[in-house]
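Report on the following structure.
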There are 2 protein chains.
Amino acid sequence: MVTVAGPLWGKMVDMPHRPTINDVAAHAGVSKSLVSLALRGDAGVGEAARTRILESADALGYRSNILARSLRQGRTMTIGVVLSSLTNPYHTEVAAAVEEAAEHEGLSVLLAHGTHRRDRLDARIDLLLDLSVDGLVVVSSWIGAEALERAGRRAPVVMVGRTEDKVPGVDSVNNDDEHGASLAIDHFLAAGHTRIAHVSASSRPSGAARRRGYLRAMDTAGLDGNARIIDRSTDAEALPNQLSEALADGFDAFFARNDVEALDVMAAAADLGHEVPESIGVIGYDDSALARRARPGLTSVRQHAEVLGARAVELLRSRIGGRSDDIHDVVEPRLRVRTSTRSPATAADDAG
Amino acid sequence: MVTVAGPLWGKMVDMPHRPTINDVAAHAGVSKSLVSLALRGDAGVGEAARTRILESADALGYRSNILARSLRQGRTMTIGVVLSSLTNPYHTEVAAAVEEAAEHEGLSVLLAHGTHRRDRLDARIDLLLDLSVDGLVVVSSWIGAEALERAGRRAPVVMVGRTEDKVPGVDSVNNDDEHGASLAIDHFLAAGHTRIAHVSASSRPSGAARRRGYLRAMDTAGLDGNARIIDRSTDAEALPNQLSEALADGFDAFFARNDVEALDVMAAAADLGHEVPESIGVIGYDDSALARRARPGLTSVRQHAEVLGARAVELLRSRIGGRSDDIHDVVEPRLRVRTSTRSPATAADDAG
DNA sequence: CTGTTAGCGCATTCAT
DNA sequence: ATGAATGCGCTAACAG
């Protein structure tokens with residue numbers, strides 16, 4: 001009746017008693033074992049008993065206690081997704097894709113968000129594992145390899161979008177960042193651009209790979225002398241200055257590490273009075289909702305978040321099914337051309 | 001050693017055995033009760049035993065099983081957040097704010113995403129409640145009042161951003177949508193606009209309230225004859241046509257239901273060759289990251305996601321602390337003026 | 001005071 | 001179709 005006054009977070013005792021399997025058993029006049037069997041559709045339950053039990057359960061509003069069941073079974077039919085960002089559409093699109101795929105398998109998804117703080121991310125992973133999720137999808141490159149390896153020993157773990165290091169015991173699904181970057185550069189080249197800069201605020205693995213891809217593509221095109229990287233990692237506010245410097249130096253094409261940064265470039269360019277794509281071209285990465293919504297529409301390297309998410313769930317399933325060798329899947333990115341870049345044809349016309 | 005081959009999702013048995021309290025007890029040569037007491041810092045544990053136990057726990061890498069503990073205590077130090085959208089920045093900003101506030105209370109946050117499907121949202125709510133979260137924050141107006149009321153009987157529940165109906169037993173935190181709408185309209189009026197349309201794809205409670213606010217403000221200004229609502233609920237693709245019609249009819253100011261729709265308006269306007277803010281003005285709602293990042297910067301009604309999230313956690317805490325009366329908090333919105341609208345001063349200059 | 005035993009919380013599962 | 005055992009940790013009652 002009265003609520004216990006814990007220091008801050010006490011257990012509430014004034015919540016109505018939740019019916020347990022015992023209540024149902026008593027109500028139906030059978031043993032709780034039989035209730036358990038009946039509720040889970042076991043064949044060896046008499047018709048009469050079955051209906052009586054179902055009615056009782058319904059009448060009492062019984063729902064089995066997941067904690068108790070999970071404790072016993074060591075299985076929850078739930079998978080966890082750990083995110084380091086809720087604000088990057090690409091991350092949330094992957095999460096949504098995982099959820100969609102999981103739903104088809106009859107699995108529920110729990111999300112945990114850890115900001116970019118390693119300690120919090122680690123704590124979230126532990127929380128989900130402690131809750132006995134049947135598998136874990138990690139959409140973050142901020143988590144330490146050790147933490148991932150430890151997690152991988154407790155449950156199947158798939159990391160999405162973490163390139164570079166392969167963590168033993170942990171599967172991964174990635175897009176080919178280097179190749180994706182070269183798609184962007186090649187598109188610029190085809191449109192006649194030669195002064196192509198790369199904009200990146202991050203040296204996270206995927207960012208580093210895209211940068212490598214950029215440098216390699218420039219190199220291949222014989223433009224390595226023209227390469228410039230606009231590094232925003234130290235001061236994100238510096239972009240307008242960095243951009244106007246680059247523009248002054250003749251750069252007219254900007255390949256950004258992701259869509260968010262590409263929009264920053266477009267915004268800064270607009271503030272500087274430059275027209276996209278007439279004056280400069282911009283390409284992003286991820287092809288998230290941001291790219292579709294932007295004006296002009298942002299040309300972007302598509303990572304196929306839906307594919308990545310679905311594949312992650314597949315990997316979890318096969319791992320749960322007993323696979324013991326690690327799988328590292330690579331999904332080929334594709335360029336989604338919109339209007340933030342001149343088309344190759346137009347460039348040819350201009351040139352001709 | 002061998003993995004059980006369940007139909008699809010079987011229990012993996014090749015995961016290493018996780019040390020239990022019994023293992024620690026055996027290792028330290030004491031009873032498991034003493035281990036429990038020692039680990040939780042109980043005073044009545046001898047110094048010698050305490051250190052031995054802590055060492056053993058450490059050596060074995062023991063972590064208490066949350067499921068077992070929660071089952072026993074009925075408390076998890078975890079709160080759940082249910083979202084119907086991962087793609088609307090406002091929603092995720094509220095979630096992040098809840099997380100931040102929860103962290104200060106020593107609480108972990110689990111997120112669940114249910115799309116806009118009622119059945120899935122309901123299932124997620126049940127899942128979180130089954131996991132014995134200590135409280136639930138619902139950031140969705142798509143959940144039925146009955147489901148919320150039921151949830152409110154199981155655990156403290158706060159809904160954020162759901163206006164209209166007050167659900168008995170459930171607290172709420174809202175911004176004043178009608179007032180927020182009037183802030184937008186008044187800003188347009190001050191800038192000299194009189195042909196102000198409202199763009200909305202939703203008649204969800206908050207959308208309806210903003211619409212009412214719009215109509216009332218127009219009415220107050222004696223412009224009720226000029227009111228027009230561009231309804232996108234039936235066909236989101238129709239916006240370009242609807243917009244060009246409105247423009248043809250002389251409308252030059254558009255108040256959108258939220259930032260996402262405001263950006264749609266800006267994009268469509270750009271496609272139609274209209275300049276913002278020179279040719280038309282646009283105001284959004286939420287003042288999410290989208291508004292900051294847009295170019296021109298989007299003038300938007302600020303909901304204060306951080307405040308809403310923090311307040312939600314406060315309400316949960318006081319409810320857990322024993323409060324039994326419902327609280328419905330209202331946070332006053334404010335207009336964040338950016339460059340998608342002409343300034344009142346400019347308008348005066350134009351007029352003079 | 002220090003530490004132990006027994007039993008609980010709830011559902012599943014095995015042997016009867 | 002059932003009682004007992006099980007999973008793991010917490011806690012009231014009790015013994016040294």
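Following the order of the structure tokens, chains are lettered A, B, ..., residues in each are numbered from 1, and ligands are numbered from 1.
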
Could you give me, as a PyMOL selection string, the residues within 12 Å of region 9-14 of chain C, counting only C-alpha atoms (C1' of nucleotides) and dropping anything in the same chain fewer than 4 positions from it? (chain A and resi 18-23+32-37+39-40+63-75) or (chain B and resi 67-74) or (chain D and resi 2-11)

LSQ fit chain B -> chain A, C-alpha in sequence order, output as a CSV table (one decimal) with C-alpha atoms, in the first residue's frame:
```csv
chain,number,residue,atom,x,y,z
B,1,MET,CA,-0.1,0.0,0.0
B,2,VAL,CA,2.5,2.5,1.0
B,3,THR,CA,5.5,3.1,-1.2
B,4,VAL,CA,8.9,2.3,0.1
B,5,ALA,CA,10.9,5.5,0.3
B,6,GLY,CA,14.3,4.3,-1.0
B,7,PRO,CA,17.1,6.9,-1.1
B,8,LEU,CA,16.2,7.9,-4.6
B,9,TRP,CA,15.1,4.9,-6.6
B,10,GLY,CA,13.2,2.6,-4.4
B,11,LYS,CA,11.1,-0.3,-5.4
B,12,MET,CA,7.5,0.7,-5.8
B,13,VAL,CA,5.3,-1.6,-3.9
B,14,ASP,CA,2.0,0.0,-4.8
B,15,MET,CA,1.9,-1.5,-8.3
B,16,PRO,CA,-0.7,-4.1,-8.5
B,17,HIS,CA,0.5,-7.7,-8.1
B,18,ARG,CA,1.2,-9.2,-11.5
B,19,PRO,CA,-0.4,-12.6,-11.9
B,20,THR,CA,2.2,-15.3,-12.0
B,21,ILE,CA,2.1,-18.8,-13.3
B,22,ASN,CA,1.0,-19.9,-9.9
B,23,ASP,CA,-2.0,-17.7,-9.9
B,24,VAL,CA,-3.1,-19.2,-13.2
B,25,ALA,CA,-2.4,-22.7,-11.9
B,26,ALA,CA,-4.6,-22.1,-8.9
B,27,HIS,CA,-7.3,-20.5,-10.9
B,28,ALA,CA,-7.4,-23.4,-13.3
B,29,GLY,CA,-6.9,-26.0,-10.6
B,30,VAL,CA,-3.8,-27.6,-12.0
B,31,SER,CA,-0.1,-27.6,-11.4
B,32,LYS,CA,2.0,-24.8,-12.6
B,33,SER,CA,4.0,-27.2,-14.7
B,34,LEU,CA,0.9,-28.0,-16.7
B,35,VAL,CA,0.2,-24.3,-17.2
B,36,SER,CA,3.7,-23.9,-18.6
B,37,LEU,CA,3.2,-26.8,-20.9
B,38,ALA,CA,-0.2,-25.7,-22.0
B,39,LEU,CA,0.8,-22.1,-22.6
B,40,ARG,CA,3.6,-23.2,-24.8
B,41,GLY,CA,1.5,-25.5,-26.9
B,42,ASP,CA,2.9,-28.7,-25.7
B,43,ALA,CA,1.2,-31.7,-27.2
B,44,GLY,CA,0.8,-33.7,-24.0
B,45,VAL,CA,-1.9,-31.6,-22.4
B,46,GLY,CA,-5.5,-32.8,-22.3
B,47,GLU,CA,-8.0,-30.8,-24.3
B,48,ALA,CA,-10.1,-30.0,-21.2
B,49,ALA,CA,-7.2,-28.8,-19.1
B,50,ARG,CA,-5.8,-26.8,-22.0
B,51,THR,CA,-8.8,-24.8,-22.6
B,52,ARG,CA,-9.3,-24.2,-18.9
B,53,ILE,CA,-5.8,-23.1,-18.5
B,54,LEU,CA,-5.9,-20.7,-21.5
B,55,GLU,CA,-9.1,-19.3,-20.2
B,56,SER,CA,-7.7,-18.7,-16.7
B,57,ALA,CA,-4.6,-17.1,-18.2
B,58,ASP,CA,-6.7,-14.9,-20.2
B,59,ALA,CA,-9.0,-14.0,-17.4
B,60,LEU,CA,-6.1,-13.0,-15.2
B,61,GLY,CA,-4.3,-11.2,-17.9
B,62,TYR,CA,-1.3,-13.4,-17.3
B,63,ARG,CA,2.0,-12.8,-19.2
B,64,SER,CA,5.0,-14.9,-18.4
B,65,ASN,CA,7.8,-13.1,-16.7
B,66,ILE,CA,10.6,-12.6,-19.3
B,67,LEU,CA,13.2,-12.3,-16.6
B,68,ALA,CA,12.4,-15.7,-15.1
B,69,ARG,CA,12.1,-17.4,-18.4
B,70,SER,CA,15.3,-15.9,-19.7
B,71,LEU,CA,17.1,-16.8,-16.5
B,72,ARG,CA,16.0,-20.4,-17.0
B,73,GLN,CA,16.4,-20.7,-20.8
B,74,GLY,CA,19.4,-18.5,-21.4
B,75,ARG,CA,17.6,-17.2,-24.5
B,76,THR,CA,15.5,-14.2,-25.0
B,77,MET,CA,14.5,-14.0,-28.7
B,78,THR,CA,15.9,-10.5,-28.5
B,79,ILE,CA,18.9,-8.9,-30.1
B,80,GLY,CA,20.6,-5.8,-29.1
B,81,VAL,CA,21.9,-2.9,-31.2
B,82,VAL,CA,24.5,-0.6,-29.8
B,83,LEU,CA,24.8,2.9,-31.4
B,84,SER,CA,27.3,5.6,-30.8
B,85,SER,CA,25.1,8.1,-32.6
B,86,LEU,CA,21.4,8.8,-32.7
B,87,THR,CA,21.9,11.9,-34.8
B,88,ASN,CA,23.7,10.4,-37.8
B,89,PRO,CA,20.9,9.2,-40.1
B,90,TYR,CA,23.1,6.5,-41.5
B,91,HIS,CA,23.5,4.9,-38.1
B,92,THR,CA,19.8,5.0,-37.3
B,93,GLU,CA,19.0,3.7,-40.8
B,94,VAL,CA,21.2,0.7,-40.1
B,95,ALA,CA,19.4,0.2,-36.8
B,96,ALA,CA,16.0,0.4,-38.4
B,97,ALA,CA,17.2,-2.1,-41.0
B,98,VAL,CA,18.4,-4.5,-38.3
B,99,GLU,CA,15.0,-4.2,-36.7
B,100,GLU,CA,13.2,-4.9,-39.9
B,101,ALA,CA,15.2,-8.0,-40.6
B,102,ALA,CA,14.9,-9.2,-37.0
B,103,GLU,CA,11.2,-8.9,-37.1
B,104,HIS,CA,11.1,-11.4,-39.9
B,105,GLU,CA,12.9,-13.8,-37.7
B,106,GLY,CA,10.5,-13.2,-34.9
B,107,LEU,CA,13.1,-11.4,-32.9
B,108,SER,CA,12.7,-8.2,-30.9
B,109,VAL,CA,15.3,-5.5,-31.0
B,110,LEU,CA,16.6,-3.4,-28.1
B,111,LEU,CA,18.7,-0.4,-28.8
B,112,ALA,CA,21.3,1.2,-26.6
B,113,HIS,CA,23.0,4.5,-27.2
B,114,GLY,CA,26.3,5.2,-25.7
B,115,THR,CA,27.2,8.6,-27.1
B,116,HIS,CA,30.8,8.6,-28.2
B,117,ARG,CA,32.0,7.8,-24.8
B,118,ARG,CA,33.8,4.5,-24.6
B,119,ASP,CA,32.9,3.8,-21.0
B,120,ARG,CA,29.2,4.3,-21.6
B,121,LEU,CA,29.3,2.2,-24.8
B,122,ASP,CA,31.0,-0.5,-22.9
B,123,ALA,CA,28.4,-0.3,-20.1
B,124,ARG,CA,25.6,-0.5,-22.7
B,125,ILE,CA,27.2,-3.6,-24.2
B,126,ASP,CA,27.4,-5.2,-20.9
B,127,LEU,CA,23.9,-4.3,-20.0
B,128,LEU,CA,22.5,-5.9,-23.2
B,129,LEU,CA,24.6,-9.0,-22.7
B,130,ASP,CA,23.5,-9.2,-19.1
B,131,LEU,CA,20.0,-9.1,-20.3
B,132,SER,CA,20.9,-12.2,-22.3
B,133,VAL,CA,20.2,-10.8,-25.7
B,134,ASP,CA,20.8,-13.6,-28.2
B,135,GLY,CA,23.0,-11.4,-30.3
B,136,LEU,CA,24.5,-8.0,-30.6
B,137,VAL,CA,24.9,-5.7,-33.5
B,138,VAL,CA,27.4,-2.9,-33.0
B,139,VAL,CA,27.1,0.2,-35.1
B,140,SER,CA,30.0,2.2,-33.8
B,141,SER,CA,33.7,2.3,-34.3
B,142,TRP,CA,34.3,3.9,-30.9
B,143,ILE,CA,34.2,0.7,-29.0
B,144,GLY,CA,37.5,-0.9,-28.1
B,145,ALA,CA,38.6,-4.1,-29.8
B,146,GLU,CA,39.1,-5.7,-26.4
B,147,ALA,CA,35.5,-4.9,-25.3
B,148,LEU,CA,34.2,-6.3,-28.6
B,149,GLU,CA,36.3,-9.5,-28.2
B,150,ARG,CA,35.0,-9.9,-24.7
B,151,ALA,CA,31.5,-9.4,-25.9
B,152,GLY,CA,32.0,-11.9,-28.7
B,153,ARG,CA,32.8,-14.6,-26.1
B,154,ARG,CA,29.5,-14.0,-24.4
B,155,ALA,CA,27.2,-13.9,-27.4
B,156,PRO,CA,27.3,-13.6,-31.1
B,157,VAL,CA,28.4,-10.1,-32.1
B,158,VAL,CA,28.4,-8.4,-35.5
B,159,MET,CA,29.9,-5.1,-36.1
B,160,VAL,CA,28.6,-2.9,-38.9
B,161,GLY,CA,30.8,-0.3,-40.5
B,162,ARG,CA,33.9,-1.0,-38.6
B,163,THR,CA,36.7,-1.7,-41.0
B,164,GLU,CA,40.4,-1.9,-40.2
B,165,ASP,CA,40.8,-4.4,-37.4
B,166,LYS,CA,39.2,-7.7,-37.5
B,167,VAL,CA,38.2,-8.8,-34.0
B,168,PRO,CA,38.6,-12.5,-33.4
B,169,GLY,CA,35.3,-14.2,-32.7
B,170,VAL,CA,33.3,-11.2,-34.0
B,171,ASP,CA,31.7,-11.0,-37.5
B,172,SER,CA,31.5,-7.9,-39.5
B,173,VAL,CA,29.6,-6.3,-42.4
B,174,ASN,CA,31.2,-3.4,-44.2
B,175,ASN,CA,31.0,-1.5,-47.2
B,176,ASP,CA,34.2,-1.0,-49.2
B,177,ASP,CA,35.2,2.5,-48.1
B,178,GLU,CA,38.2,2.8,-50.3
B,179,HIS,CA,36.3,1.8,-53.4
B,180,GLY,CA,33.4,4.1,-52.4
B,181,ALA,CA,35.8,7.0,-52.2
B,182,SER,CA,37.2,6.2,-55.6
B,183,LEU,CA,33.6,6.2,-57.1
B,184,ALA,CA,33.2,9.7,-55.9
B,185,ILE,CA,36.6,10.9,-57.2
B,186,ASP,CA,36.0,9.2,-60.5
B,187,HIS,CA,32.7,11.0,-60.9
B,188,PHE,CA,34.4,14.3,-60.3
B,189,LEU,CA,37.1,13.4,-62.8
B,190,ALA,CA,34.6,12.5,-65.4
B,191,ALA,CA,32.9,15.8,-64.8
B,192,GLY,CA,36.1,17.6,-65.6
B,193,HIS,CA,37.2,18.4,-62.0
B,194,THR,CA,40.9,18.1,-61.2
B,195,ARG,CA,41.1,20.2,-58.0
B,196,ILE,CA,39.3,17.8,-55.7
B,197,ALA,CA,39.7,18.1,-51.9
B,198,HIS,CA,38.6,15.7,-49.2
B,199,VAL,CA,36.8,16.9,-46.1
B,200,SER,CA,36.9,14.8,-43.0
B,201,ALA,CA,36.5,15.4,-39.3
B,202,SER,CA,37.5,11.9,-38.4
B,203,SER,CA,40.3,9.5,-38.5
B,204,ARG,CA,38.0,6.7,-37.4
B,205,PRO,CA,38.6,3.5,-39.4
B,206,SER,CA,36.0,4.2,-42.0
B,207,GLY,CA,37.1,7.8,-42.3
B,208,ALA,CA,40.7,6.7,-42.7
B,209,ALA,CA,39.8,4.2,-45.4
B,210,ARG,CA,37.8,6.8,-47.3
B,211,ARG,CA,40.8,9.1,-47.1
B,212,ARG,CA,43.0,6.4,-48.4
B,213,GLY,CA,40.6,5.7,-51.3
B,214,TYR,CA,40.6,9.4,-52.1
B,215,LEU,CA,44.4,9.6,-52.1
B,216,ARG,CA,44.8,6.5,-54.2
B,217,ALA,CA,42.2,7.6,-56.7
B,218,MET,CA,43.9,11.0,-57.0
B,219,ASP,CA,47.2,9.2,-57.4
B,220,THR,CA,45.9,6.9,-60.1
B,221,ALA,CA,44.6,9.9,-62.0
B,222,GLY,CA,48.1,11.4,-61.7
B,223,LEU,CA,46.7,14.2,-59.5
B,224,ASP,CA,48.4,13.3,-56.3
B,225,GLY,CA,50.1,16.6,-56.4
B,226,ASN,CA,46.7,18.2,-56.3
B,227,ALA,CA,45.3,16.3,-53.3
B,228,ARG,CA,44.2,18.3,-50.3
B,229,ILE,CA,42.6,17.1,-47.1
B,230,ILE,CA,40.6,19.5,-45.2
B,231,ASP,CA,40.9,18.2,-41.7
B,232,ARG,CA,38.1,19.2,-39.3
B,233,SER,CA,39.1,16.9,-36.5
B,234,THR,CA,40.6,19.7,-34.4
B,235,ASP,CA,38.1,22.5,-35.0
B,236,ALA,CA,34.8,21.9,-36.6
B,237,GLU,CA,34.1,25.6,-36.6
B,238,ALA,CA,37.1,26.3,-38.9
B,239,LEU,CA,35.4,24.9,-42.0
B,240,PRO,CA,34.3,28.3,-43.5
B,241,ASN,CA,37.9,29.5,-43.4
B,242,GLN,CA,39.4,26.2,-44.6
B,243,LEU,CA,36.9,26.1,-47.4
B,244,SER,CA,37.5,29.7,-48.6
B,245,GLU,CA,41.2,29.0,-48.5
B,246,ALA,CA,40.7,25.9,-50.6
B,247,LEU,CA,38.4,27.8,-53.0
B,248,ALA,CA,41.1,30.5,-53.3
B,249,ASP,CA,43.5,27.8,-54.2
B,250,GLY,CA,41.3,26.7,-57.0
B,251,PHE,CA,39.6,23.7,-55.5
B,252,ASP,CA,36.1,23.3,-56.9
B,253,ALA,CA,35.2,19.8,-55.9
B,254,PHE,CA,34.7,18.4,-52.4
B,255,PHE,CA,34.4,14.9,-51.4
B,256,ALA,CA,33.2,14.7,-47.8
B,257,ARG,CA,33.6,11.8,-45.4
B,258,ASN,CA,29.9,11.5,-44.9
B,259,ASP,CA,26.6,13.2,-45.7
B,260,VAL,CA,26.5,15.3,-42.5
B,261,GLU,CA,29.9,16.8,-43.4
B,262,ALA,CA,28.9,17.2,-47.0
B,263,LEU,CA,25.9,19.3,-45.9
B,264,ASP,CA,28.3,21.3,-43.7
B,265,VAL,CA,30.3,22.0,-46.8
B,266,MET,CA,27.2,22.9,-48.8
B,267,ALA,CA,26.1,25.3,-46.0
B,268,ALA,CA,29.5,26.9,-45.7
B,269,ALA,CA,29.7,27.2,-49.5
B,270,ALA,CA,26.3,28.9,-49.6
B,271,ASP,CA,27.5,31.3,-46.9
B,272,LEU,CA,30.5,32.1,-49.0
B,273,GLY,CA,28.3,32.8,-52.0
B,274,HIS,CA,29.1,29.8,-54.0
B,275,GLU,CA,26.6,27.9,-56.1
B,276,VAL,CA,26.3,24.2,-56.1
B,277,PRO,CA,26.9,22.6,-58.6
B,278,GLU,CA,27.6,25.5,-60.9
B,279,SER,CA,30.5,26.9,-59.0
B,280,ILE,CA,31.6,23.9,-56.9
B,281,GLY,CA,30.7,20.2,-56.7
B,282,VAL,CA,30.0,18.3,-53.5
B,283,ILE,CA,29.8,14.5,-52.8
B,284,GLY,CA,28.9,12.9,-49.6
B,285,TYR,CA,29.0,9.4,-48.2
B,286,ASP,CA,26.2,7.1,-46.9
B,287,ASP,CA,23.4,8.3,-49.1
B,288,SER,CA,21.2,8.8,-46.1
B,289,ALA,CA,17.9,10.6,-45.9
B,290,LEU,CA,20.0,13.8,-45.6
B,291,ALA,CA,21.3,13.4,-49.1
B,292,ARG,CA,17.8,12.9,-50.5
B,293,ARG,CA,16.4,15.9,-48.7
B,294,ALA,CA,19.2,18.3,-49.4
B,295,ARG,CA,18.9,21.0,-52.0
B,296,PRO,CA,20.5,20.6,-54.3
B,297,GLY,CA,20.2,16.9,-53.9
B,298,LEU,CA,23.4,15.5,-52.6
B,299,THR,CA,25.4,13.1,-54.8
B,300,SER,CA,26.5,10.5,-52.3
B,301,VAL,CA,28.1,7.1,-52.0
B,302,ARG,CA,25.4,4.6,-51.1
B,303,GLN,CA,26.3,2.2,-48.3
B,304,HIS,CA,23.0,0.3,-48.5
B,305,ALA,CA,22.1,0.5,-44.9
B,306,GLU,CA,19.2,-1.9,-45.4
B,307,VAL,CA,21.5,-4.5,-46.8
B,308,LEU,CA,24.1,-4.1,-44.1
B,309,GLY,CA,21.4,-4.4,-41.4
B,310,ALA,CA,19.8,-7.5,-43.0
B,311,ARG,CA,23.1,-9.1,-43.4
B,312,ALA,CA,24.1,-8.5,-39.8
B,313,VAL,CA,21.0,-10.4,-38.7
B,314,GLU,CA,21.8,-13.2,-41.0
B,315,LEU,CA,25.3,-13.4,-39.6
B,316,LEU,CA,23.9,-13.5,-36.0
B,317,ARG,CA,21.6,-16.3,-37.0
B,318,SER,CA,24.2,-18.4,-38.6
B,319,ARG,CA,26.5,-17.8,-35.6
B,320,ILE,CA,23.8,-18.8,-33.2
B,321,GLY,CA,23.2,-21.8,-35.4
B,322,GLY,CA,26.7,-22.9,-34.6
B,323,ARG,CA,29.1,-21.4,-37.0
B,324,SER,CA,32.5,-20.8,-35.4
B,325,ASP,CA,34.6,-19.3,-38.1
B,326,ASP,CA,34.5,-15.5,-38.5
B,327,ILE,CA,32.8,-13.9,-41.5
B,328,HIS,CA,33.7,-10.5,-42.7
B,329,ASP,CA,31.3,-9.4,-45.4
B,330,VAL,CA,31.9,-6.6,-47.8
B,331,VAL,CA,29.0,-4.8,-49.6
B,332,GLU,CA,29.9,-2.9,-52.6
B,333,PRO,CA,28.9,0.8,-52.5
B,334,ARG,CA,27.4,2.6,-55.4
B,335,LEU,CA,27.3,6.2,-56.4
B,336,ARG,CA,24.0,7.8,-56.2
B,337,VAL,CA,24.2,10.8,-58.5
B,338,ARG,CA,22.0,13.8,-57.7
B,339,THR,CA,22.4,17.5,-58.4
B,340,SER,CA,25.2,18.6,-56.2
B,341,THR,CA,27.6,17.6,-58.9
B,342,ARG,CA,27.8,18.5,-62.6
B,343,SER,CA,27.1,15.6,-64.9
B,344,PRO,CA,29.9,14.2,-67.0
B,345,ALA,CA,27.9,15.1,-70.1
B,346,THR,CA,27.7,18.7,-69.1
B,347,ALA,CA,31.4,18.8,-68.4
B,348,ALA,CA,32.1,17.5,-71.9
B,349,ASP,CA,29.8,20.2,-73.4
B,350,ASP,CA,31.7,22.8,-71.4
B,351,ALA,CA,35.0,21.5,-72.7
B,352,GLY,CA,33.8,21.2,-76.3
```

Using DSSP on the backbone coordinates, identify all residues within region 26-217 of chain B classified as strand (DSSP E); present the result as a PyMOL selection string. chain B and resi 78-83+108-113+135-139+157-160+171-175+196-200

Contacts of chain C with chain B up to 8 Å, shortest pair per row, only C-alpha atoms (C1' of nucleotides), as CSV:
```
residue,atom,partner,partner_atom,distance
C:DC1,C1',B:Gly44,CA,7.3
C:DT2,C1',B:Gly46,CA,6.5
C:DG3,C1',B:Leu34,CA,7.0
C:DT4,C1',B:Ser31,CA,6.9
C:DC8,C1',B:Arg72,CA,7.8
C:DG9,C1',B:Arg72,CA,4.9
C:DC10,C1',B:Leu71,CA,7.7
```

Output the selection as a short mmCIF file (atom, residue, chain, number, x, y, z; two decimals), in the first residue's frame - N, CA, C and O atoms (P, O5', C5', C4', C3', O3' and C1' of nucleotides) for each residue.
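So the final result, stored in result.cif, reads:
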```cif
data_model
loop_
_atom_site.label_atom_id
_atom_site.label_comp_id
_atom_site.auth_asym_id
_atom_site.auth_seq_id
_atom_site.Cartn_x
_atom_site.Cartn_y
_atom_site.Cartn_z
P DC C 1 28.99 -4.01 16.83
"O5'" DC C 1 29.63 -4.99 15.74
"C5'" DC C 1 29.56 -6.19 16.15
"C4'" DC C 1 30.58 -7.19 15.62
"C3'" DC C 1 30.59 -7.37 14.11
"O3'" DC C 1 31.93 -7.70 13.71
"C1'" DC C 1 29.74 -9.35 15.14
P DT C 2 32.39 -7.68 12.18
"O5'" DT C 2 32.18 -9.20 11.77
"C5'" DT C 2 33.03 -10.19 12.33
"C4'" DT C 2 32.62 -11.56 11.85
"C3'" DT C 2 32.44 -11.67 10.33
"O3'" DT C 2 33.22 -12.75 9.88
"C1'" DT C 2 30.58 -12.62 11.47
P DG C 3 33.36 -13.09 8.35
"O5'" DG C 3 32.28 -14.24 8.20
"C5'" DG C 3 32.50 -15.48 8.89
"C4'" DG C 3 31.26 -16.35 8.80
"C3'" DG C 3 30.81 -16.66 7.37
"O3'" DG C 3 30.87 -18.07 7.18
"C1'" DG C 3 28.96 -16.05 8.74
P DT C 4 30.49 -18.72 5.79
"O5'" DT C 4 29.15 -19.46 6.20
"C5'" DT C 4 29.15 -20.31 7.36
"C4'" DT C 4 27.73 -20.76 7.66
"C3'" DT C 4 27.04 -21.41 6.46
"O3'" DT C 4 26.65 -22.74 6.77
"C1'" DT C 4 25.63 -19.75 7.47
P DC C 8 9.83 -20.23 0.52
"O5'" DC C 8 9.80 -18.85 -0.24
"C5'" DC C 8 10.16 -17.64 0.45
"C4'" DC C 8 10.69 -16.65 -0.56
"C3'" DC C 8 9.90 -16.66 -1.87
"O3'" DC C 8 9.42 -15.37 -2.14
"C1'" DC C 8 12.24 -16.80 -2.29
P DG C 9 8.06 -15.21 -2.96
"O5'" DG C 9 8.61 -14.67 -4.34
"C5'" DG C 9 9.33 -13.43 -4.42
"C4'" DG C 9 9.91 -13.34 -5.80
"C3'" DG C 9 9.03 -14.02 -6.85
"O3'" DG C 9 8.47 -13.07 -7.74
"C1'" DG C 9 11.32 -14.71 -7.04
P DC C 10 7.06 -13.32 -8.31
"O5'" DC C 10 7.36 -14.32 -9.52
"C5'" DC C 10 7.93 -13.81 -10.72
"C4'" DC C 10 8.25 -14.96 -11.65
"C3'" DC C 10 7.08 -15.88 -11.97
"O3'" DC C 10 6.74 -15.66 -13.32
"C1'" DC C 10 9.13 -17.08 -11.63
#
```

Would you give me, as a ChimeraX atom specification, the residues in region 121-274 of chain B that DSSP reads as alpha helix (DSSP H)? /B:121-130,145-154,177-190,205-220,239-248,259-271
